[in-house]
Structures are given as C-alpha cells and as structure tokens.
Amino acid sequence: MTKRLYIVILVFAFFLLASFCAQAAGIEWDTPIKEAKARVSAQKLQARPTTPELKRIRFYRHNKHTRVVLDLSRPVRYSLASQNTPAALFLDLRGADIDRLKKRFFKLNGERINTVQVKQLSTGTVRIIVQTRFIRDYRVFTLTGPTRIVIDIKDKIIISYKKPPIASTRTPAEKTEAQEVIKDLTPTDYSDETGEEPFDSSYDSEETRWGNIKINGSVVNETAYRISKKRELTKSRSTLKLNMRGELTDNISFKLGGRSYYDAVFDMTDNYPGNVEEDQETELELRETYLDVSLGSMDLRLGKQSIVWGEAIGLFFADQVNAKDLREFVLPDFDDIRKPQWAALIEYSGELSHIEFVWIPVLEFNDYGEAGSEFPVSLALPSGVAPTVTAVDEPANNFRNSEYAARFSYLLGDWDLSLFHLYTWDKEGATIRTINSPTSYTFTPTHRRLNVSGFTIAKEVQNIIFKAEVIYTRGKYFSVIDSADVDGLEKADYIDYLIGVDYTFFSDIETNLQFMQRIIPDHDDRFFRQEHIRNTASIRIKTGFFDNTVEPELLVISSLQELDMMIRPKIGFTFKDNWRLFIGADIFAGETDGIFGQYKDKDRVYTELGYSF
Amino acid sequence: MSDKNKIMTSKKIFVILFVSTVLLLLPSLATDSFAAKQSLAVKIIKEADKVRSPQLDYIVDITVTSIRPRRKKRVARYEVLVKGQKKTIIKTTAPAIDRGTTLLMLGRNLWAFMPDLSKPIRISLQQRLIGDVANGDIARANFSGDYTPKILRTEQIKGQSYYVLELIANDDRVTYGKVVYWVNKKNYRPLKAEFYAISGRLLKSCSYEDYKKLAGRVRPTSLILTNPLTKGRVSIIRYKKMRIEKLPSKYFTKNYMKRLKY
C-alpha cells in the first residue's frame, strides 16, 4: 500500500473513533461551547444538595467595558440569550435562590447599560436581564473563591439605534409597528419564555461546533460493477469529505474543505494496470478553501474555489470557469467533477444587477482517464497505429498567463439575464501529433488560449421555466485525422447553444427537457469526432414517494443525428434522516467513435451509500 | 282644479320625487356600502398579517414536522429571512443531508441553490419542500397583496366572534387559488384557514395555534396543516426565535445564495 493510503486510513480511523466516542458519551455537538460547559458544570452540581443563592450584584465601569458581578453562594448552572430589540442580554440561573436579595432593579442609565433587573420565574429559574444601549458585544465568565458570574458589556457596538438605517425606507405604518415592537417588548420576550418546545434533539449531533467554527461533511461508499462484456467490479471507493466554516469577524468568514478517498478495487482485483492504480487508487485533496470578505455591496472571495455559471441542468455548457476532473467521464456529481481553483472573485450585488470579476493566477486543466482505465480519453488515431503520448505541455503559472473572467447579471422583470466573457486556456487541450512512421505517432497534449463569450436567460411563465444559453468560443484547436496535416490540429471557432424547459407535473414529477446544438462554421470533414452541426437533446425526470424518501430519477442524453446515447436511471432512498442510498445504472449506446458510444462496453450498475453529518 | 285635487297632485309629485331620489341614491349607497366592506376586509387581513409576522425585516427559525399514519415522523429545520413583503430566503439547516439547500423567493420568482449543483437554478412555486408544506406556506406569512379579500359572514366560535373572509388569489402563481380565513373580530388573530385549488378542491386546512409572544407581539407559533384527503396526515410548522433585524438587500439576490452562511 502506498503512503497516501495510510494517510487516508488514518483519517478515516480518527473520524470513526471520534464519532463513536461522541455517540457513546452522548455529547450534544450542536450546542455552543458556553452552553456545553454550563451543562457539564450543571451535571456536576446536580450531585450537590444545597441551593445556590444570588447574594449581591455589583457594577464596575471600565474604559472599554461595564462589568456586572453576580456574587453567588456556590456554582450555578446558567444559560445565556440575547435579543436585538430592545437590546438586552438574558442570563438564566437555574434553580437559584434570590430570597435574600433586597434590590432587584438597578437603573444605571450608563453609556452601555440602561437597567439590570432580577426576576424569579415560575420554573425556579432566576433571570438577570441586562438591558443595554444598542446591541453590544459582551462576554460572560465565572470566577471561583468566592463564586461569581461576571458579565462584561463591551464598548463595541454591533448595531446602533442612533441612526436606524431602516427609517428612510419604511412606510409610516411600518415605523409605527417598529416603535410598538420596541415599546411593547418586555424582557420576557425570548424563546425560552414562550414555552415553545425545543427542537427535536435528534438533530443535535448533526453539526459539530467549536465556538464559532462549524464542521460538517459526509462519508460515502460507491461501488460499481460493469455489466457489459467482461463483467467485473470497477469501483469500490470510500470518500470522506470534511468542511470547516467559521467567522473571523462580522465581515470576514472562511471555509476549509478537504476530500480524501480510497478505491479498494485496485487492491481487491487486478482489473486495471499500474498507471491507473497510481492515478486513481487514493487521493487526499484540499477542496474549496477560501476567505470571504464582505464590504457593503461588494464581496471578495479569495482562495481555492468553484465558480459556477449557467442555467443548464446535467450539462456544463456555460459552466466553464473551473477545470474538470473527467477521469470518470461525466458520471460523478458535478461538484466532484469541478476542480476548485485558486482565484480571486470580486462581486458587486445591486438590487437587480450583479457584476463579478475573476482572476485565476494558478492554472488548472482537465484530468482524463489514463490508457487502461474505465473511461480513457480517445486520441485521433487511424487503426493500426501505435501512439506514444508525451508529457503535457502546460503553460507556466505567471501573471501573464493568468485567466480572467467577468459576468454581468440583471433581473429584468421576471427575466434572468447574464452576459459573460472568459479569457482562458483550453482546459480540454489540443494534442499535437508527430508522425514518426506510418505506424508510430507521438502525441503531445498542449493548451492554447481561448476567448469564450456568452449569455444566459431564464424566465418562468405559467409555472414553466424557460432557459437558454449561447456560448461563442474563439481559438479552439480541433484534432484532425489526416496524415498529411503538419501537426494534426486545425483552428476553428464554434457556437454552442441550449434551449431548456422545466415543468413539474401534478406537483410531483419534475421534468427537464433540453435541446443543444454545436455549430462549427469553418468545419472540416477531417475533424475528429466533430460534425459541422451536432444536435443533442436531454431529458431528466424525477419524482418522489413517501415524502420524497424514495426518489426515482432518469437522465437521458442523446445525439439527434445518430445513435449516441447515455441513459442514467437511478433511485435514491433517504433513511434515518442522514443516510442516503442510490442504486442506479449508467448505460451507453452508439458507435465507438461517438461521445457516449465510445464507452458502450462500460455499462455499469452501482450503489452509493452516504452518511452526512 | 279643486284644492283637494291640488293637494293630491302635490302629494303625487312629492312621492314621485322621493321615490326617484331613493332610486337614484340606492346604487351609490350600495356602492358605498360595498366599498366600506371591501376596505374593512382589506384592513382585517392586513391586521391579521401583522399578527402573524412583523411587517419589517426579520429572521425566524422554523421547524416543519410531517406526520403520516404508520410512519416515522420527519422533521426539517429552516432559517427564514424575510425582507419586506416580497423577499424571502429559506435556508435548510436540518436534516444534514439537505443542509445547504437554499430557496430564494422574490415576488413570485423562485430560485433554489443545491450544494451538489453549486449554482442557483430557477424553479417554479409548485415544487415542494417537505410533505404537504408548500414553499409558499413557509415563505409567505402575508395574505395582503397576494389575495383580494371579501367578508363572507361572522361566526361565533367558543364564545368569540370571528370574521370569515374569502380570499381570491390575485394571479395563478400564488400558492392557493382561494383561501377561507377566520379572523378574530376583537384582536385580529387568525384562527384557521382553508386552502383551495383554483378548481375549488380543498387542498388543506390550517389551524393557527400556540399564541405566544414572539418578536414583541403575541403571534401564532404553530400552524397545523391537515390534509382532508388523508386522515392522520399532518404537517406542523413551528416558529421560534423570531428576531427583527435589518437585512442587507444583497442577501436577497440569486448570485449571493452561494455566500449565505450556514
């Protein structure tokens, strides 16, 4: 086994161990750390018989905060909540006693705190209500010897009422209601007091939170079995995806994503050669990892990211910014096919308009299946010729070679309109051919600059969604099968367009129909697998039974000129809320020189079992 | 002409004039009465809307529980952001398998952002979120604007007096074709509603329950939706932690959906 495999197994083992330990200990992950600490301390306290007593409340004013100190006879379980209108902080002392507390209302009228009130609730809880001026940052902590709970109301204002930004945009009626709300609101107005049932505790363990950081992810096993010609296992891949998200400030947040997989088919069988095993057995990869910065109507995203454009379903079309991992053709989820790229994305969001600029300094190109893999890439090769493929000639990462893209979107009435342009590289690549002898060719994959311009439209009419995409690509080099040609490449621009319709029948059956056409005006009959005009159509039907816990789906993509088709039926089962199982098939039909027909011997059935957390 | 005849003629003229005046005024009186009733109906649903939700920007956590006979109940959680009457974001926070799925509703236009697609796609209002709960059930807490109201009658229920209104959808893209709505005469608190398709078929009934203080006002915190066609099939929408908060306009744009924090 390789070193990478050990890393993958270690990560899995760690994750599983952590999950089991957490479940065994009954830890409620979804609770903020403060509350978790409070619960732990409360559990310890339950063993002690005496009632904690709130003896006194003291106040101190510092330069940057005002401190409220609660003197207690012994540690007490407490919980915190806050509200915005009016700004107040609530501290609940569970099972505390205030019989001997003489003063229960303090009118400070200070620059940070207006009032502090102590209330005995019917449930045996003592509530401390700290009504602040404006919504302020705060911290609460405990001190021992003697026992105290300290509330620091900080100088930092999170939201100010001094100049309510809503005032100018609200109608007089709305203003009246806002005033009523502030006037009407009593400190009893927060969810605990409403007596609502707590959320279903079965979801408490869904997402791990460490303070401000949230972690989620999934574990998925995909097993595929080839059913055409040589029947055998083609895939047994277990994938772990982890995402960590958090906020550094109110305006800066981050995401850290990773993916790791191990495909056991290479250890369980000898179905694939060593180069494929090397390429596809294991992977440990940084996925979307970026920093989000919000500056009013401007937003910045810096880091490894996927930038997804277009309206089409089940096809990439305008979705051309990121490079793609096509080692399994187009069969995986599109999110897995897209390769996140290091980029800077600047966006302006207006009421109806949206403008974005993309700069990609680190270049990435499509990945294809190697020779001998289940879905290898094809070369423009006459029969009887032995090919040699040399290393890819990739452009260097420098400022000059950077990729740039821009998009302008506008919501005009009910019309969704977008215009975009990419100054990019041909991520698919072109293969320069050198003829060594009539039976020996050398191929050198290379990448050239492309200019891609396009627009997309979507509109809803009578519950029918109409969508269209048009893309014009300049600078593409196509492979040609002609031994007389110098390098086996010819340059030609082309146009792709798509028209699609979505409709839901009987509120349950979602259908999507799409028609696509590629036109190469300067088409040459020598082009490899490219027609002058290629017409393709797709249909996708999906429905749900038993509250959508069983979801059958069918996707068919087919050429309209000849038999060249991909059929993808699948059925999804959701159970125990976080588990999902897919059972499906991928069927290819057509001639061996067709886009889908080339894999007609690769028909497969598969299962995909996943757990999300 | 004798005096008697003169008196008779004057009487006749007076009667004719009186009847003519009444006949002339009747339509306008009827119109005024209709206009007054109409304006009262509008006022009632506006007041009832105010009871159901703040007419300001707000965020609310919603739990939808779907109960089916002989099946395990399903619970989904959403965080709903509302700006004005026309802009709503529904963020799915649980179950984990659906987390990250976001719906954006701008007027009658709807977009969905699915994490596995990583892009917003336009969808129709017909597509459902969970069980019998339509997107509109969660996204819309206002009837005014979407429906034209008419007072049908008043009813006494458990010692309380209620207006019974008929609301007709202003266009066919509204969630329901017709709604019959019971609103308390005294405090405008909604009691129940019946939702009908354009064809007139009763689709579901809704009961507004658990009135508690939420965001500064006593509001219904549970909506019990029952399906008349299937006995025991119930969806419960629970509202919790409603907070009034100024929300930036940019949140309510389809291109911002990928940036919404979960």
# chains A, B, ... in the order shown; residues from 1 in each chain; ligands from 1
>>> residues_around(residues="Asn451 (chain A)", least_positions_apart="3", cutoff="10 Å", atoms="only C-alpha atoms", output="compact mmCIF listing (two decimals) with N, CA, C and O atoms, in the first residue's frame")
# COMPACT_ATOMS: atom_id res chain seq x y z
N TYR A 404 -8.78 35.33 -16.83
CA TYR A 404 -9.67 36.41 -16.36
C TYR A 404 -11.10 36.12 -16.83
O TYR A 404 -11.28 35.56 -17.92
N ALA A 405 -12.03 36.52 -16.03
CA ALA A 405 -13.43 36.34 -16.43
C ALA A 405 -14.27 37.44 -15.82
O ALA A 405 -13.92 38.00 -14.77
N HIS A 421 -17.77 36.85 -20.19
CA HIS A 421 -16.62 36.62 -21.06
C HIS A 421 -15.49 36.00 -20.26
O HIS A 421 -15.24 36.40 -19.11
N LEU A 422 -14.83 35.03 -20.84
CA LEU A 422 -13.67 34.40 -20.20
C LEU A 422 -12.46 34.52 -21.13
O LEU A 422 -12.57 34.20 -22.33
N TYR A 423 -11.36 35.00 -20.59
CA TYR A 423 -10.09 34.93 -21.30
C TYR A 423 -9.35 33.81 -20.61
O TYR A 423 -8.81 33.98 -19.52
N THR A 424 -9.37 32.64 -21.22
CA THR A 424 -8.98 31.44 -20.51
C THR A 424 -8.01 30.60 -21.35
O THR A 424 -7.53 31.05 -22.39
N TRP A 425 -7.73 29.43 -20.84
CA TRP A 425 -6.95 28.45 -21.61
C TRP A 425 -7.89 27.31 -21.99
O TRP A 425 -8.87 27.07 -21.30
N ASP A 426 -7.53 26.64 -23.06
CA ASP A 426 -8.32 25.48 -23.46
C ASP A 426 -8.02 24.36 -22.44
O ASP A 426 -6.99 23.70 -22.51
N TYR A 472 -20.04 31.39 -27.44
CA TYR A 472 -19.21 31.51 -28.64
C TYR A 472 -17.75 31.36 -28.21
O TYR A 472 -17.26 32.11 -27.36
N THR A 473 -17.08 30.36 -28.80
CA THR A 473 -15.70 30.06 -28.40
C THR A 473 -14.76 30.36 -29.56
O THR A 473 -14.96 29.85 -30.68
N ARG A 474 -13.75 31.16 -29.26
CA ARG A 474 -12.77 31.52 -30.29
C ARG A 474 -11.40 31.00 -29.90
O ARG A 474 -11.00 31.10 -28.74
N GLY A 475 -10.69 30.42 -30.87
CA GLY A 475 -9.30 29.99 -30.63
C GLY A 475 -9.15 28.51 -30.37
O GLY A 475 -8.07 28.06 -29.97
N LYS A 476 -10.19 27.73 -30.62
CA LYS A 476 -10.14 26.30 -30.35
C LYS A 476 -9.36 25.56 -31.45
O LYS A 476 -9.54 25.85 -32.64
N ASP A 493 -13.44 28.35 -34.79
CA ASP A 493 -14.34 28.87 -33.76
C ASP A 493 -15.65 28.06 -33.80
O ASP A 493 -15.95 27.44 -34.82
>>> closest_atom_pairs(of="chain B", to="chain A", cutoff="8 Å", atoms="only C-alpha atoms", output="JSON lines")
{"residue": "B:Pro54", "atom": "CA", "partner": "A:Glu177", "partner_atom": "CA", "distance": 7.9}
{"residue": "B:Gln55", "atom": "CA", "partner": "A:Glu174", "partner_atom": "CA", "distance": 6.3}
{"residue": "B:Leu56", "atom": "CA", "partner": "A:Glu174", "partner_atom": "CA", "distance": 6.7}
{"residue": "B:Thr63", "atom": "CA", "partner": "A:Phe199", "partner_atom": "CA", "distance": 7.3}
{"residue": "B:Arg74", "atom": "CA", "partner": "A:Asp577", "partner_atom": "CA", "distance": 7.9}
{"residue": "B:Val75", "atom": "CA", "partner": "A:Asp200", "partner_atom": "CA", "distance": 7.5}
{"residue": "B:Ala94", "atom": "CA", "partner": "A:Tyr203", "partner_atom": "CA", "distance": 7.1}
{"residue": "B:Pro95", "atom": "CA", "partner": "A:Asp577", "partner_atom": "CA", "distance": 6.0}
{"residue": "B:Ala96", "atom": "CA", "partner": "A:Phe613", "partner_atom": "CA", "distance": 5.7}
{"residue": "B:Ile97", "atom": "CA", "partner": "A:Asn578", "partner_atom": "CA", "distance": 5.3}
{"residue": "B:Asn109", "atom": "CA", "partner": "A:Asp414", "partner_atom": "CA", "distance": 7.0}
{"residue": "B:Pro115", "atom": "CA", "partner": "A:Asp335", "partner_atom": "CA", "distance": 8.0}
{"residue": "B:Asp116", "atom": "CA", "partner": "A:Asp335", "partner_atom": "CA", "distance": 5.4}
{"residue": "B:Leu117", "atom": "CA", "partner": "A:Asp335", "partner_atom": "CA", "distance": 6.2}
{"residue": "B:Ser118", "atom": "CA", "partner": "A:Val308", "partner_atom": "CA", "distance": 6.5}
{"residue": "B:Lys119", "atom": "CA", "partner": "A:Val308", "partner_atom": "CA", "distance": 5.9}
{"residue": "B:Pro120", "atom": "CA", "partner": "A:Glu311", "partner_atom": "CA", "distance": 8.0}
{"residue": "B:Ile121", "atom": "CA", "partner": "A:Glu311", "partner_atom": "CA", "distance": 6.2}
{"residue": "B:Arg122", "atom": "CA", "partner": "A:Ile465", "partner_atom": "CA", "distance": 7.0}
{"residue": "B:Ile123", "atom": "CA", "partner": "A:Ile465", "partner_atom": "CA", "distance": 6.7}
{"residue": "B:Ser124", "atom": "CA", "partner": "A:Asn463", "partner_atom": "CA", "distance": 5.3}
{"residue": "B:Leu125", "atom": "CA", "partner": "A:Asn463", "partner_atom": "CA", "distance": 7.1}
{"residue": "B:Gln126", "atom": "CA", "partner": "A:Ser507", "partner_atom": "CA", "distance": 5.5}
{"residue": "B:Gln127", "atom": "CA", "partner": "A:Ser507", "partner_atom": "CA", "distance": 6.2}
{"residue": "B:Arg128", "atom": "CA", "partner": "A:Ser507", "partner_atom": "CA", "distance": 7.5}
{"residue": "B:Ile130", "atom": "CA", "partner": "A:Asp547", "partner_atom": "CA", "distance": 6.6}
{"residue": "B:Gly131", "atom": "CA", "partner": "A:Asp547", "partner_atom": "CA", "distance": 5.2}
{"residue": "B:Asp172", "atom": "CA", "partner": "A:Gln462", "partner_atom": "CA", "distance": 7.9}
{"residue": "B:Arg173", "atom": "CA", "partner": "A:Gln462", "partner_atom": "CA", "distance": 7.2}
{"residue": "B:Lys212", "atom": "CA", "partner": "A:Thr194", "partner_atom": "CA", "distance": 5.7}
{"residue": "B:Lys213", "atom": "CA", "partner": "A:Thr194", "partner_atom": "CA", "distance": 6.2}
{"residue": "B:Leu214", "atom": "CA", "partner": "A:Asp189", "partner_atom": "CA", "distance": 6.5}
{"residue": "B:Ala215", "atom": "CA", "partner": "A:Asp189", "partner_atom": "CA", "distance": 6.9}
{"residue": "B:Gly216", "atom": "CA", "partner": "A:Leu185", "partner_atom": "CA", "distance": 4.6}
{"residue": "B:Arg217", "atom": "CA", "partner": "A:Val181", "partner_atom": "CA", "distance": 7.0}
{"residue": "B:Lys240", "atom": "CA", "partner": "A:Ser191", "partner_atom": "CA", "distance": 6.4}
{"residue": "B:Lys241", "atom": "CA", "partner": "A:Ser191", "partner_atom": "CA", "distance": 5.5}
{"residue": "B:Arg243", "atom": "CA", "partner": "A:Asn84", "partner_atom": "CA", "distance": 7.1}
{"residue": "B:Ile244", "atom": "CA", "partner": "A:Thr85", "partner_atom": "CA", "distance": 7.1}
{"residue": "B:Glu245", "atom": "CA", "partner": "A:Asn84", "partner_atom": "CA", "distance": 7.5}
{"residue": "B:Lys246", "atom": "CA", "partner": "A:Ile166", "partner_atom": "CA", "distance": 6.8}
{"residue": "B:Ser249", "atom": "CA", "partner": "A:Glu351", "partner_atom": "CA", "distance": 6.4}
{"residue": "B:Lys250", "atom": "CA", "partner": "A:Ser349", "partner_atom": "CA", "distance": 5.5}
{"residue": "B:Thr253", "atom": "CA", "partner": "A:Glu351", "partner_atom": "CA", "distance": 7.3}
{"residue": "B:Asn255", "atom": "CA", "partner": "A:His354", "partner_atom": "CA", "distance": 7.3}
{"residue": "B:Tyr256", "atom": "CA", "partner": "A:Ser349", "partner_atom": "CA", "distance": 7.6}
>>> residues_around(residues="Gln38 (chain B)", least_positions_apart="3", cutoff="8 Å", atoms="only C-alpha atoms", output="ChimeraX atom specification")
/B:34-35,41-42,149-151
>>> write_last_selection(atoms="N, CA, C and O atoms", output="mmCIF file, in the first residue's frame")
data_model
loop_
_atom_site.group_PDB
_atom_site.id
_atom_site.type_symbol
_atom_site.label_atom_id
_atom_site.label_comp_id
_atom_site.auth_asym_id
_atom_site.auth_seq_id
_atom_site.Cartn_x
_atom_site.Cartn_y
_atom_site.Cartn_z
ATOM 1 N N PHE B 34 -70.553 48.658 -0.224
ATOM 2 C CA PHE B 34 -69.646 47.629 -0.731
ATOM 3 C C PHE B 34 -68.189 48.059 -0.535
ATOM 4 O O PHE B 34 -67.351 47.273 -0.078
ATOM 5 N N ALA B 35 -67.929 49.347 -0.878
ATOM 6 C CA ALA B 35 -66.555 49.865 -0.746
ATOM 7 C C ALA B 35 -66.106 49.818 0.708
ATOM 8 O O ALA B 35 -64.969 49.451 1.002
ATOM 9 N N ALA B 41 -62.472 44.527 4.812
ATOM 10 C CA ALA B 41 -61.861 43.212 4.557
ATOM 11 C C ALA B 41 -60.349 43.339 4.384
ATOM 12 O O ALA B 41 -59.576 42.546 4.915
ATOM 13 N N VAL B 42 -59.951 44.379 3.631
ATOM 14 C CA VAL B 42 -58.513 44.613 3.414
ATOM 15 C C VAL B 42 -57.828 44.895 4.744
ATOM 16 O O VAL B 42 -56.749 44.374 5.047
ATOM 17 N N PRO B 149 -59.545 40.188 -0.638
ATOM 18 C CA PRO B 149 -60.430 39.635 0.386
ATOM 19 C C PRO B 149 -61.881 40.099 0.243
ATOM 20 O O PRO B 149 -62.169 41.157 -0.314
ATOM 21 N N LYS B 150 -62.760 39.290 0.808
ATOM 22 C CA LYS B 150 -64.179 39.639 0.863
ATOM 23 C C LYS B 150 -64.744 39.028 2.153
ATOM 24 O O LYS B 150 -64.439 37.873 2.458
ATOM 25 N N ILE B 151 -65.535 39.846 2.877
ATOM 26 C CA ILE B 151 -66.117 39.306 4.116
ATOM 27 C C ILE B 151 -67.338 38.464 3.750
ATOM 28 O O ILE B 151 -68.266 38.951 3.097
#
>>> residues_around(residues="Leu89 (chain A)", least_positions_apart="6", cutoff="7 Å", atoms="only C-alpha atoms", output="PDB file with all heavy atoms, in the first residue's frame")
ATOM      1  N   ALA A  81     -28.888  34.188  26.662  1.00  0.00           N
ATOM      2  CA  ALA A  81     -29.587  34.517  25.407  1.00  0.00           C
ATOM      3  C   ALA A  81     -29.545  36.033  25.256  1.00  0.00           C
ATOM      4  O   ALA A  81     -29.303  36.758  26.228  1.00  0.00           O
ATOM      5  CB  ALA A  81     -31.025  34.038  25.454  1.00  0.00           C
ATOM      6  N   SER A  82     -29.764  36.482  24.045  1.00  0.00           N
ATOM      7  CA  SER A  82     -29.785  37.924  23.840  1.00  0.00           C
ATOM      8  C   SER A  82     -30.861  38.266  22.828  1.00  0.00           C
ATOM      9  O   SER A  82     -31.335  37.411  22.095  1.00  0.00           O
ATOM     10  CB  SER A  82     -28.418  38.412  23.348  1.00  0.00           C
ATOM     11  OG  SER A  82     -28.122  37.790  22.129  1.00  0.00           O
ATOM     12  N   GLN A  83     -31.248  39.502  22.811  1.00  0.00           N
ATOM     13  CA  GLN A  83     -32.196  39.958  21.796  1.00  0.00           C
ATOM     14  C   GLN A  83     -31.768  41.337  21.295  1.00  0.00           C
ATOM     15  O   GLN A  83     -31.037  42.054  21.962  1.00  0.00           O
ATOM     16  CB  GLN A  83     -33.617  39.981  22.355  1.00  0.00           C
ATOM     17  CG  GLN A  83     -33.844  41.069  23.386  1.00  0.00           C
ATOM     18  CD  GLN A  83     -35.295  41.102  23.846  1.00  0.00           C
ATOM     19  OE1 GLN A  83     -35.960  40.079  23.889  1.00  0.00           O
ATOM     20  NE2 GLN A  83     -35.761  42.273  24.201  1.00  0.00           N
ATOM     21  N   ILE A 129     -31.730  40.307  33.690  1.00  0.00           N
ATOM     22  CA  ILE A 129     -31.958  40.982  32.406  1.00  0.00           C
ATOM     23  C   ILE A 129     -31.105  42.243  32.373  1.00  0.00           C
ATOM     24  O   ILE A 129     -31.310  43.152  33.175  1.00  0.00           O
ATOM     25  CB  ILE A 129     -33.441  41.353  32.215  1.00  0.00           C
ATOM     26  CG1 ILE A 129     -34.296  40.091  32.352  1.00  0.00           C
ATOM     27  CG2 ILE A 129     -33.684  42.033  30.882  1.00  0.00           C
ATOM     28  CD1 ILE A 129     -35.614  40.351  33.008  1.00  0.00           C
ATOM     29  N   VAL A 130     -30.152  42.242  31.469  1.00  0.00           N
ATOM     30  CA  VAL A 130     -29.281  43.406  31.337  1.00  0.00           C
ATOM     31  C   VAL A 130     -29.700  44.130  30.063  1.00  0.00           C
ATOM     32  O   VAL A 130     -29.445  43.648  28.954  1.00  0.00           O
ATOM     33  CB  VAL A 130     -27.792  42.988  31.254  1.00  0.00           C
ATOM     34  CG1 VAL A 130     -26.891  44.208  31.178  1.00  0.00           C
ATOM     35  CG2 VAL A 130     -27.425  42.122  32.445  1.00  0.00           C
ATOM     36  N   GLN A 131     -30.384  45.242  30.245  1.00  0.00           N
ATOM     37  CA  GLN A 131     -30.843  45.986  29.067  1.00  0.00           C
ATOM     38  C   GLN A 131     -29.768  47.000  28.705  1.00  0.00           C
ATOM     39  O   GLN A 131     -29.388  47.837  29.540  1.00  0.00           O
ATOM     40  CB  GLN A 131     -32.162  46.670  29.373  1.00  0.00           C
ATOM     41  CG  GLN A 131     -32.878  47.056  28.102  1.00  0.00           C
ATOM     42  CD  GLN A 131     -34.377  47.256  28.308  1.00  0.00           C
ATOM     43  OE1 GLN A 131     -34.890  47.069  29.389  1.00  0.00           O
ATOM     44  NE2 GLN A 131     -35.053  47.653  27.257  1.00  0.00           N
TER      45      GLN A 131
END
>>> select_by_dssp(residues="region 145-192 of chain B", states="strand (DSSP E or B)", output="ChimeraX atom specification")
/B:147-157,160-169,178-184,190-192
>>> write_last_selection(atoms="C-alpha atoms", output="PDB file, in the first residue's frame")
ATOM      1  CA  TYR B 147     -55.165  37.876  -2.384  1.00  0.00           C
ATOM      2  CA  THR B 148     -58.286  40.023  -2.741  1.00  0.00           C
ATOM      3  CA  PRO B 149     -60.430  39.635   0.386  1.00  0.00           C
ATOM      4  CA  LYS B 150     -64.179  39.639   0.863  1.00  0.00           C
ATOM      5  CA  ILE B 151     -66.117  39.306   4.116  1.00  0.00           C
ATOM      6  CA  LEU B 152     -68.458  36.316   3.872  1.00  0.00           C
ATOM      7  CA  ARG B 153     -70.013  36.385   7.337  1.00  0.00           C
ATOM      8  CA  THR B 154     -69.261  36.484  11.024  1.00  0.00           C
ATOM      9  CA  GLU B 155     -69.272  33.391  13.206  1.00  0.00           C
ATOM     10  CA  GLN B 156     -69.307  32.673  16.897  1.00  0.00           C
ATOM     11  CA  ILE B 157     -66.784  30.047  17.904  1.00  0.00           C
ATOM     12  CA  GLN B 160     -65.529  34.538  20.361  1.00  0.00           C
ATOM     13  CA  SER B 161     -66.699  36.445  17.327  1.00  0.00           C
ATOM     14  CA  TYR B 162     -64.826  35.829  14.055  1.00  0.00           C
ATOM     15  CA  TYR B 163     -64.849  37.380  10.611  1.00  0.00           C
ATOM     16  CA  VAL B 164     -64.987  34.746   7.903  1.00  0.00           C
ATOM     17  CA  LEU B 165     -63.269  36.037   4.791  1.00  0.00           C
ATOM     18  CA  GLU B 166     -62.871  34.684   1.330  1.00  0.00           C
ATOM     19  CA  LEU B 167     -59.531  35.490  -0.277  1.00  0.00           C
ATOM     20  CA  ILE B 168     -59.182  35.107  -4.022  1.00  0.00           C
ATOM     21  CA  ALA B 169     -55.677  34.867  -5.492  1.00  0.00           C
ATOM     22  CA  LYS B 178     -58.722  30.583  -2.806  1.00  0.00           C
ATOM     23  CA  VAL B 179     -58.489  30.826   0.963  1.00  0.00           C
ATOM     24  CA  VAL B 180     -61.293  30.939   3.512  1.00  0.00           C
ATOM     25  CA  TYR B 181     -59.922  32.651   6.581  1.00  0.00           C
ATOM     26  CA  TRP B 182     -61.282  33.014  10.127  1.00  0.00           C
ATOM     27  CA  VAL B 183     -60.020  36.125  11.937  1.00  0.00           C
ATOM     28  CA  ASN B 184     -60.901  37.188  15.485  1.00  0.00           C
ATOM     29  CA  PRO B 190     -56.250  34.242  12.781  1.00  0.00           C
ATOM     30  CA  LEU B 191     -57.972  31.084  13.994  1.00  0.00           C
ATOM     31  CA  LYS B 192     -57.967  28.832  10.970  1.00  0.00           C
TER      32      LYS B 192
END
>>> atom_distance(atom1="CA of Ser222 (chain B)", atom2="CA of Ile67 (chain B)")
14.5 Å
>>> residues_around(residues="Gly110 (chain A)", least_positions_apart="5", cutoff="12 Å", atoms="only C-alpha atoms", output="JSON, numbers by chain")
{"A": [59, 60, 61, 62, 65, 66, 67, 115, 116, 130, 131, 132, 133, 134, 153, 155]}
>>> closest_residue(among="A:Gly145, A:Gly369, A:Gly594, A:Pro332", to="Ala224 (chain A)", atoms="only C-alpha atoms")
A:Pro332
